[in-house]
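File shown here: my_file.tsv, holding TSV, C-alpha atoms (C1' of nucleotides).
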chain	number	residue	atom	x	y	z
T	1	MET	CA	107.26	134.17	86.46
T	2	ASN	CA	106.45	134.04	82.75
T	3	ARG	CA	103.22	132.57	81.43
T	4	GLU	CA	104.82	129.15	81.10
T	5	SER	CA	104.81	128.80	84.87
T	6	LEU	CA	101.97	128.38	87.31
T	7	THR	CA	101.79	129.18	90.97
T	8	ILE	CA	100.38	126.41	93.05
T	9	GLY	CA	97.03	128.14	93.35
T	10	LYS	CA	96.61	128.55	89.61
T	11	LEU	CA	97.68	125.02	88.95
T	12	ALA	CA	95.21	123.68	91.48
T	13	ARG	CA	92.39	125.72	89.97
T	14	GLU	CA	93.25	124.65	86.44
T	15	ALA	CA	93.35	121.02	87.35
T	16	GLY	CA	90.30	121.25	89.56
T	17	ILE	CA	92.19	119.98	92.57
T	18	ASN	CA	92.57	121.24	96.08
T	19	LEU	CA	95.73	123.22	96.62
T	20	GLU	CA	96.68	121.14	99.64
T	21	THR	CA	96.35	118.04	97.53
T	22	VAL	CA	98.90	119.39	95.09
T	23	ARG	CA	101.33	119.86	97.95
T	24	TYR	CA	100.49	116.37	99.13
T	25	TYR	CA	101.26	114.87	95.71
T	26	GLU	CA	104.53	116.68	95.64
T	27	ARG	CA	105.44	115.22	99.04
T	28	ARG	CA	104.47	111.77	97.83
T	29	GLY	CA	106.69	112.10	94.78
T	30	LEU	CA	103.94	112.25	92.17
T	31	LEU	CA	104.96	115.71	91.07
T	32	PRO	CA	108.61	116.58	90.66
T	33	LYS	CA	109.81	119.28	93.05
T	34	PRO	CA	109.23	122.50	91.17
T	35	PRO	CA	111.68	125.37	91.06
T	36	ARG	CA	110.98	128.24	93.43
T	37	THR	CA	111.05	131.98	93.24
T	38	ALA	CA	113.50	133.87	95.43
T	39	SER	CA	110.81	134.14	98.06
T	40	GLY	CA	110.07	130.44	98.00
T	41	TYR	CA	106.95	130.28	95.83
T	42	ARG	CA	106.63	127.16	93.69
T	43	LEU	CA	106.65	127.64	89.92
T	44	PHE	CA	105.15	124.67	88.17
T	45	PRO	CA	105.62	124.05	84.45
T	46	ALA	CA	102.41	124.37	82.47
T	47	ASP	CA	102.22	120.64	81.82
T	48	ALA	CA	101.85	119.89	85.51
T	49	THR	CA	98.13	120.27	84.84
T	50	LEU	CA	98.30	117.29	82.53
T	51	ARG	CA	100.10	115.30	85.14
T	52	LEU	CA	97.48	116.08	87.77
T	53	ARG	CA	94.70	115.05	85.44
T	54	PHE	CA	96.53	111.85	84.70
T	55	ILE	CA	96.76	111.15	88.41
T	56	ARG	CA	93.05	111.75	88.96
T	57	ARG	CA	91.99	109.57	86.07
T	58	SER	CA	94.30	106.80	87.09
T	59	GLN	CA	92.84	106.80	90.56
T	60	GLU	CA	89.40	106.33	89.09
T	61	LEU	CA	90.76	103.25	87.39
T	62	GLY	CA	91.80	101.72	90.67
T	63	PHE	CA	95.48	102.59	90.76
T	64	SER	CA	96.96	103.65	94.08
T	65	LEU	CA	99.23	106.65	94.33
T	66	LYS	CA	102.15	104.28	94.57
T	67	GLU	CA	101.18	102.55	91.34
T	68	ILE	CA	100.62	105.86	89.65
T	69	ARG	CA	104.07	106.97	90.67
T	70	GLU	CA	105.41	103.84	88.99
T	71	LEU	CA	103.41	104.52	85.85
T	72	LEU	CA	104.74	108.03	85.70
T	73	ALA	CA	108.25	106.76	86.11
T	74	LEU	CA	108.01	104.69	82.94
T	75	ARG	CA	109.96	106.52	80.33
T	76	VAL	CA	112.95	106.15	78.16
T	77	SER	CA	115.81	107.66	80.06
T	78	PRO	CA	119.54	107.36	80.15
T	79	ARG	CA	119.34	106.15	83.77
T	80	THR	CA	117.69	102.83	82.99
T	81	THR	CA	118.22	100.20	80.34
T	82	SER	CA	115.66	99.78	77.58
T	83	ALA	CA	115.15	96.18	78.57
T	84	GLU	CA	114.32	97.13	82.12
T	85	ILE	CA	111.77	99.71	81.08
T	86	ARG	CA	110.32	97.37	78.56
T	87	LYS	CA	109.81	94.69	81.16
T	88	ARG	CA	108.16	97.02	83.63
T	89	THR	CA	105.96	98.46	80.95
T	90	GLU	CA	104.80	95.07	79.82
T	91	VAL	CA	103.78	94.20	83.36
T	92	LYS	CA	101.71	97.36	83.51
T	93	ILE	CA	100.12	96.60	80.18
T	94	ALA	CA	99.11	93.18	81.44
T	95	ASP	CA	97.57	94.81	84.53
T	96	ILE	CA	95.62	97.16	82.38
T	97	GLU	CA	94.39	94.42	80.09
T	98	GLN	CA	93.15	92.45	83.05
T	99	LYS	CA	91.17	95.46	84.18
T	100	ILE	CA	89.73	95.93	80.72
T	101	LYS	CA	88.64	92.30	80.64
T	102	SER	CA	86.93	92.56	83.99
T	103	LEU	CA	85.14	95.70	82.96
T	104	GLU	CA	83.99	94.11	79.73
T	105	SER	CA	82.66	91.19	81.68
T	106	MET	CA	80.73	93.53	83.95
T	107	ARG	CA	79.38	95.39	80.99
T	108	LYS	CA	78.19	92.19	79.42
T	109	SER	CA	76.27	91.27	82.55
T	110	LEU	CA	74.69	94.67	82.75
T	111	ARG	CA	73.68	94.56	79.12
T	112	LYS	CA	71.99	91.27	79.76
T	113	LEU	CA	70.14	92.96	82.58
T	114	THR	CA	68.92	95.83	80.42
T	115	SER	CA	67.61	93.47	77.79
T	116	ALA	CA	65.80	91.53	80.48
T	117	CYS	CA	64.26	94.81	81.56
T	118	ALA	CA	63.27	95.63	78.02
T	119	GLY	CA	61.57	92.31	77.57
T	120	CYS	CA	60.02	92.48	81.03
T	121	GLY	CA	61.25	88.96	81.43
T	122	PRO	CA	62.25	87.63	84.83
T	123	ILE	CA	65.95	86.79	84.95
T	124	SER	CA	68.43	85.56	87.50
T	125	GLU	CA	68.32	87.32	90.80
T	126	CYS	CA	71.45	89.37	90.34
T	127	PRO	CA	73.09	88.77	86.99
T	128	ILE	CA	76.08	90.92	87.72
T	129	LEU	CA	77.34	88.26	90.07
T	130	GLU	CA	77.90	86.10	87.04
T	131	SER	CA	80.74	88.36	86.06
T	132	LEU	CA	84.05	88.66	87.85
T	133	GLY	CA	83.52	85.49	89.79
T	134	GLY	CA	86.63	83.75	88.47
T	135	GLU	CA	89.71	82.87	90.46
T	136	GLY	CA	92.13	84.24	87.89
T	137	ALA	CA	94.53	87.11	88.63
N	1	MET	CA	74.11	73.32	108.68
N	2	ASN	CA	74.11	71.37	105.45
N	3	ARG	CA	76.90	71.69	102.93
N	4	GLU	CA	75.02	74.46	101.13
N	5	SER	CA	75.82	76.79	104.02
N	6	LEU	CA	79.08	78.28	105.12
N	7	THR	CA	80.14	79.57	108.47
N	8	ILE	CA	81.84	82.91	108.33
N	9	GLY	CA	85.26	81.36	108.78
N	10	LYS	CA	84.85	78.94	105.88
N	11	LEU	CA	83.44	81.64	103.68
N	12	ALA	CA	86.34	83.93	104.46
N	13	ARG	CA	88.87	81.20	103.70
N	14	GLU	CA	87.17	80.24	100.46
N	15	ALA	CA	87.07	83.79	99.24
N	16	GLY	CA	90.56	84.55	100.47
N	17	ILE	CA	89.34	87.38	102.64
N	18	ASN	CA	89.86	88.26	106.26
N	19	LEU	CA	87.00	87.15	108.47
N	20	GLU	CA	86.65	90.59	109.99
N	21	THR	CA	86.34	92.02	106.53
N	22	VAL	CA	83.37	89.77	105.85
N	23	ARG	CA	81.66	91.12	108.97
N	24	TYR	CA	82.57	94.60	107.82
N	25	TYR	CA	80.97	94.08	104.42
N	26	GLU	CA	77.87	92.76	106.09
N	27	ARG	CA	77.68	95.90	108.25
N	28	ARG	CA	78.15	98.04	105.17
N	29	GLY	CA	75.31	96.29	103.40
N	30	LEU	CA	77.37	94.54	100.74
N	31	LEU	CA	76.35	91.13	101.96
N	32	PRO	CA	72.75	90.48	102.91
N	33	LYS	CA	72.29	89.61	106.57
N	34	PRO	CA	72.60	85.84	106.68
N	35	PRO	CA	70.35	83.59	108.70
N	36	ARG	CA	71.72	82.41	112.04
N	37	THR	CA	71.82	79.17	113.92
N	38	ALA	CA	70.05	78.94	117.27
N	39	SER	CA	73.29	79.95	118.94
N	40	GLY	CA	73.75	82.94	116.69
N	41	TYR	CA	76.31	81.67	114.16
N	42	ARG	CA	75.96	83.10	110.68
N	43	LEU	CA	75.12	80.66	107.89
N	44	PHE	CA	76.01	82.08	104.50
N	45	PRO	CA	74.67	80.62	101.28
N	46	ALA	CA	77.36	79.02	99.13
N	47	ASP	CA	77.20	81.77	96.53
N	48	ALA	CA	78.34	84.38	99.03
N	49	THR	CA	81.82	83.42	97.87
N	50	LEU	CA	80.96	84.69	94.42
N	51	ARG	CA	79.69	87.90	95.86
N	52	LEU	CA	82.87	88.46	97.83
N	53	ARG	CA	85.00	87.87	94.77
N	54	PHE	CA	82.87	90.28	92.83
N	55	ILE	CA	83.44	92.88	95.51
N	56	ARG	CA	87.19	92.41	95.45
N	57	ARG	CA	87.45	92.60	91.70
N	58	SER	CA	85.27	95.64	91.56
N	59	GLN	CA	87.48	97.39	94.03
N	60	GLU	CA	90.45	96.76	91.80
N	61	LEU	CA	88.52	98.51	89.06
N	62	GLY	CA	88.18	101.63	91.14
N	63	PHE	CA	84.68	101.24	92.49
N	64	SER	CA	84.07	102.28	96.07
N	65	LEU	CA	82.11	100.05	98.41
N	66	LYS	CA	79.16	102.36	97.98
N	67	GLU	CA	79.27	101.99	94.21
N	68	ILE	CA	79.66	98.25	94.51
N	69	ARG	CA	76.59	98.14	96.72
N	70	GLU	CA	74.71	99.94	93.95
N	71	LEU	CA	75.98	97.53	91.32
N	72	LEU	CA	74.88	94.59	93.41
N	73	ALA	CA	71.47	96.12	93.85
N	74	LEU	CA	70.87	96.12	90.11
N	75	ARG	CA	68.48	93.31	89.44
N	76	VAL	CA	65.06	92.63	88.17
N	77	SER	CA	62.82	92.56	91.18
N	78	PRO	CA	59.20	93.17	92.03
N	79	ARG	CA	60.24	96.11	94.23
N	80	THR	CA	61.41	98.33	91.41
N	81	THR	CA	60.10	99.10	87.97
N	82	SER	CA	61.88	97.81	84.92
N	83	ALA	CA	62.32	101.33	83.65
N	84	GLU	CA	63.99	102.39	86.84
N	85	ILE	CA	66.43	99.51	86.80
N	86	ARG	CA	67.10	100.03	83.16
N	87	LYS	CA	67.98	103.65	83.72
N	88	ARG	CA	70.30	102.91	86.61
N	89	THR	CA	71.94	100.11	84.71
N	90	GLU	CA	72.59	102.28	81.70
N	91	VAL	CA	74.30	104.85	83.87
N	92	LYS	CA	76.58	102.15	85.24
N	93	ILE	CA	77.32	100.87	81.77
N	94	ALA	CA	78.35	104.36	80.73
N	95	ASP	CA	80.65	104.55	83.76
N	96	ILE	CA	82.23	101.29	82.83
N	97	GLU	CA	82.72	102.29	79.23
N	98	GLN	CA	84.47	105.43	80.31
N	99	LYS	CA	86.84	103.38	82.39
N	100	ILE	CA	87.49	101.03	79.50
N	101	LYS	CA	88.28	103.97	77.24
N	102	SER	CA	90.72	105.44	79.72
N	103	LEU	CA	92.44	102.12	80.16
N	104	GLU	CA	92.72	101.65	76.42
N	105	SER	CA	94.24	105.07	76.14
N	106	MET	CA	96.80	104.19	78.80
N	107	ARG	CA	97.56	100.94	77.07
N	108	LYS	CA	98.15	102.72	73.81
N	109	SER	CA	100.67	105.03	75.44
N	110	LEU	CA	102.48	102.18	77.06
N	111	ARG	CA	102.64	100.26	73.82
N	112	LYS	CA	104.20	103.24	72.18
N	113	LEU	CA	106.76	103.19	74.95
N	114	THR	CA	107.64	99.54	74.45
N	115	SER	CA	108.16	100.03	70.77
N	116	ALA	CA	110.40	102.98	71.48
N	117	CYS	CA	112.37	100.71	73.78
N	118	ALA	CA	112.59	98.04	71.11
N	119	GLY	CA	113.93	100.50	68.57
N	120	CYS	CA	116.16	102.15	71.17
N	121	GLY	CA	114.81	105.41	69.85
N	122	PRO	CA	114.54	108.41	72.09
N	123	ILE	CA	110.92	109.40	72.61
N	124	SER	CA	108.97	111.99	74.49
N	125	GLU	CA	109.96	112.38	78.10
N	126	CYS	CA	106.99	110.57	79.55
N	127	PRO	CA	104.62	109.34	76.90
N	128	ILE	CA	102.04	108.11	79.35
N	129	LEU	CA	101.18	111.68	80.12
N	130	GLU	CA	99.77	111.93	76.65
N	131	SER	CA	96.95	109.67	77.72
N	132	LEU	CA	94.15	110.59	80.08
N	133	GLY	CA	94.88	114.25	79.82
N	134	GLY	CA	91.47	115.17	78.45
N	135	GLU	CA	88.86	117.19	80.26
N	136	GLY	CA	86.05	114.78	79.54
N	137	ALA	CA	83.99	113.18	82.32
L	1	DC	C1'	102.18	151.94	102.61
L	2	DT	C1'	98.35	149.40	103.59
L	3	DT	C1'	94.91	145.90	102.34
L	4	DG	C1'	93.62	141.70	100.21
L	5	DA	C1'	94.90	137.83	97.81
L	6	DC	C1'	98.29	134.72	97.55
L	7	DC	C1'	102.05	131.66	99.23
L	8	DC	C1'	105.01	129.18	102.91
L	9	DC	C1'	105.24	125.35	106.41
L	10	DG	C1'	104.08	122.09	109.94
L	11	DT	C1'	100.57	119.83	112.18
L	12	DA	C1'	96.04	118.11	113.11
L	13	DC	C1'	91.95	116.15	111.59
L	14	DT	C1'	88.81	113.47	108.49
L	15	DA	C1'	86.75	109.49	105.75
L	16	DC	C1'	87.25	105.11	103.96
L	17	DG	C1'	88.47	100.49	104.11
L	18	DG	C1'	89.87	97.48	106.62
L	19	DT	C1'	92.34	94.64	110.72
L	20	DA	C1'	93.23	93.41	115.51
L	21	DC	C1'	91.89	92.49	120.15
L	22	DG	C1'	89.65	90.54	123.92
L	23	DG	C1'	86.17	88.68	126.80
L	24	DG	C1'	82.82	85.61	126.28
L	25	DG	C1'	79.77	81.45	124.45
L	26	DT	C1'	79.61	77.07	121.11
L	27	DT	C1'	80.94	72.96	118.62
L	28	DT	C1'	83.87	69.15	117.47
L	29	DA	C1'	87.03	65.50	118.36
L	30	DC	C1'	89.22	62.79	121.32
I	1	DG	C1'	83.95	66.12	129.70
I	2	DT	C1'	87.50	68.89	128.27
I	3	DA	C1'	90.71	71.07	124.94
I	4	DA	C1'	91.05	73.14	120.49
I	5	DA	C1'	88.91	75.45	117.15
I	6	DC	C1'	85.35	78.21	116.06
I	7	DC	C1'	81.96	81.99	116.54
I	8	DC	C1'	79.76	86.28	118.83
I	9	DC	C1'	80.15	91.38	119.64
I	10	DG	C1'	81.93	95.89	120.52
I	11	DT	C1'	85.69	98.69	120.30
I	12	DA	C1'	90.21	100.22	119.19
I	13	DC	C1'	93.62	100.76	115.97
I	14	DC	C1'	95.90	101.16	111.28
I	15	DG	C1'	97.29	102.92	106.42
I	16	DT	C1'	95.92	105.67	102.51
I	17	DA	C1'	94.43	109.76	100.64
I	18	DG	C1'	93.34	113.67	101.35
I	19	DT	C1'	91.64	118.40	103.77
I	20	DA	C1'	91.76	122.06	107.17
I	21	DC	C1'	94.05	125.28	110.11
I	22	DG	C1'	96.88	128.80	111.60
I	23	DG	C1'	100.74	131.74	112.15
I	24	DG	C1'	103.59	133.95	109.30
I	25	DG	C1'	105.84	136.05	104.87
I	26	DT	C1'	104.99	138.10	99.83
I	27	DC	C1'	103.02	140.63	96.05
I	28	DA	C1'	100.00	143.84	93.42
I	29	DA	C1'	96.60	147.53	93.41
I	30	DG	C1'	95.05	151.66	94.92

Structure translated into structure tokens:
Amino acid sequence: MNRESLTIGKLAREAGINLETVRYYERRGLLPKPPRTASGYRLFPADATLRLRFIRRSQELGFSLKEIRELLALRVSPRTTSAEIRKRTEVKIADIEQKIKSLESMRKSLRKLTSACAGCGPISECPILESLGGEGA
Amino acid sequence: MNRESLTIGKLAREAGINLETVRYYERRGLLPKPPRTASGYRLFPADATLRLRFIRRSQELGFSLKEIRELLALRVSPRTTSAEIRKRTEVKIADIEQKIKSLESMRKSLRKLTSACAGCGPISECPILESLGGEGA
DNA sequence: CTTGACCCCGTACTACGGTACGGGGTTTAC
DNA sequence: GTAAACCCCGTACCGTAGTACGGGGTCAAG
């Protein structure tokens, strides 16, 4: 157990995540199965911390664990054709851009609200409703 | 029941949401309690549809029902001071901007991946991990 | 060579966000 | 005036994402 490897407890502490949650992510396929010591202890590579933080941030952005697993699976690899990866990646990018648009629309509404506050002017009852109302995907 | 009002069933259909879910949102305080007919039927204002769509979209952006309730409560009203609203709104805007930044960072990583695909060049194992790794809030 | 901190595993429990069910009253259309 | 479609309510149930528990083995320090 050199300093490149982390026991599950250290990893959890470093990433600020419950130890049980790390085990849970492993079960759900979000962390690759780590090698074990002779006695069965998990030895995670140091960059597992990064992966855990990625998972947490992605959840805050509204991705489910299943979607996050798909995001993590996007990589150039000999197993899959470039075209395949490229297609999947472009779908994800479109997803992300939709989210960005929605957030920008919300921000715009909220900014309108703060300027109404500043001016002490009465404004529509709940301006945020003006955002995100569309039918679009 | 003029055509400005919607029964719960119509509202649910228009918003593309399960009827029980509408009741649930009402219980959770995301929809104001609607007036009722003499026999107890709910009569929602037409713009409840907008509100439901806002809720759905916000969920996709990673907001919990509790946070969405807070977003919907942001409005100029006689009940609260301008300064108070302004403060709360600015906090939400900061939230949203953080999300936008994270999404942009993800997008950047994915774009890098597609160009690697295009060039058939080998690239880092999982470039998406390079995004969202930061400690920041 | 024991004590405390750590790890193993399976299983149970929790919170959140719905969704279904079922027994009953109401409204609409024929 | 009756059948179909709709609504009421409470309660039970579900999937997702954890979180806790507990009985047992392991490792490092004194």

Requested in this report: Kindly provide, as a PyMOL selection string, the residues of chain L having any atom no farther than 12 Å from an atom of chain T, counting all atoms listed in the file.
Outcome: chain L and resi 5-9

Requested in this report: Tell me which of I:DG10, I:DG24, I:DG1, I:DG15 sits closest to DT19 of chain L, counting only C-alpha atoms (C1' of nucleotides).
Outcome: I:DG15

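In this comparison, which uses only C-alpha atoms, the residue of N:Leu30, N:Leu6, N:Leu65, N:Leu103 approaching chain T most closely is N:Leu103.
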
Requested in this report: Considering all atoms listed in the file, return as an MDAnalysis selection string whatever protein or nucleic-acid residues lie within 9 Å of segment 18-20 of chain I, sequence-local ones (same chain, fewer than 5 positions apart) excluded.
Outcome: (chainID T and resid 18 20:21 24) or (chainID L and resid 12:15)

Expected file: the selected residues, C-alpha atoms (C1' of nucleotides), as a PDB file, keeping the file's coordinate frame:
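The resulting file, part.pdb, is shown below:
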ATOM      1  CA  ASN T  18      92.570 121.240  96.080  1.00  0.00           C
ATOM      2  CA  GLU T  20      96.680 121.140  99.640  1.00  0.00           C
ATOM      3  CA  THR T  21      96.350 118.040  97.530  1.00  0.00           C
ATOM      4  CA  TYR T  24     100.490 116.370  99.130  1.00  0.00           C
TER       5      TYR T  24
ATOM      6  C1'  DA L  12      96.040 118.110 113.110  1.00  0.00           C
ATOM      7  C1'  DC L  13      91.950 116.150 111.590  1.00  0.00           C
ATOM      8  C1'  DT L  14      88.810 113.470 108.490  1.00  0.00           C
ATOM      9  C1'  DA L  15      86.750 109.490 105.750  1.00  0.00           C
TER      10       DA L  15
END

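Going from atom CA of Ser58 of chain T to atom CA of Lys87 of chain N covers 26.7 Å.
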
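Residue list for chain T within 6 Å of chain N: Leu50, Arg53, Phe54, Glu60, Leu61, Gly62, Arg75, Ser82, Arg86, Ile93, Ile100, Arg107, Thr114, Cys117, Cys126, Leu132 and Gly133 of chain T, counting only C-alpha atoms.
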
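Atom pair atom C1' of DA29 of chain I / atom CA of Gly16 of chain T: separated by 27.3 Å.
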
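Using all atoms listed in the file, the part of chain I that sits within 9 Å of chain N is made up of DC6, DC7 and DC8 of chain I.
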
Query - Neighbour list for DT11 of chain I as a VMD selection string, cut-off 12 Å, only C-alpha atoms (C1' of nucleotides), skip fewer than 6 positions in-chain - result: chain L and resid 20 to 23

Requested in this report: Enter the distance from atom CA of Gly29 of chain T to atom CA of Arg13 of chain T, in Å, rounded to one decimal.
Outcome: 20.3 Å

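Proximity of T:Leu19, T:Ser5, T:Tyr25, T:Pro35 to DA17 of chain I, computed with all atoms listed in the file, is greatest for T:Tyr25.
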
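If only C-alpha atoms are the atoms counted, then among T:Arg27, T:Ala38, T:Pro45, T:Lys33 the closest residue to Lys10 of chain T is T:Pro45.
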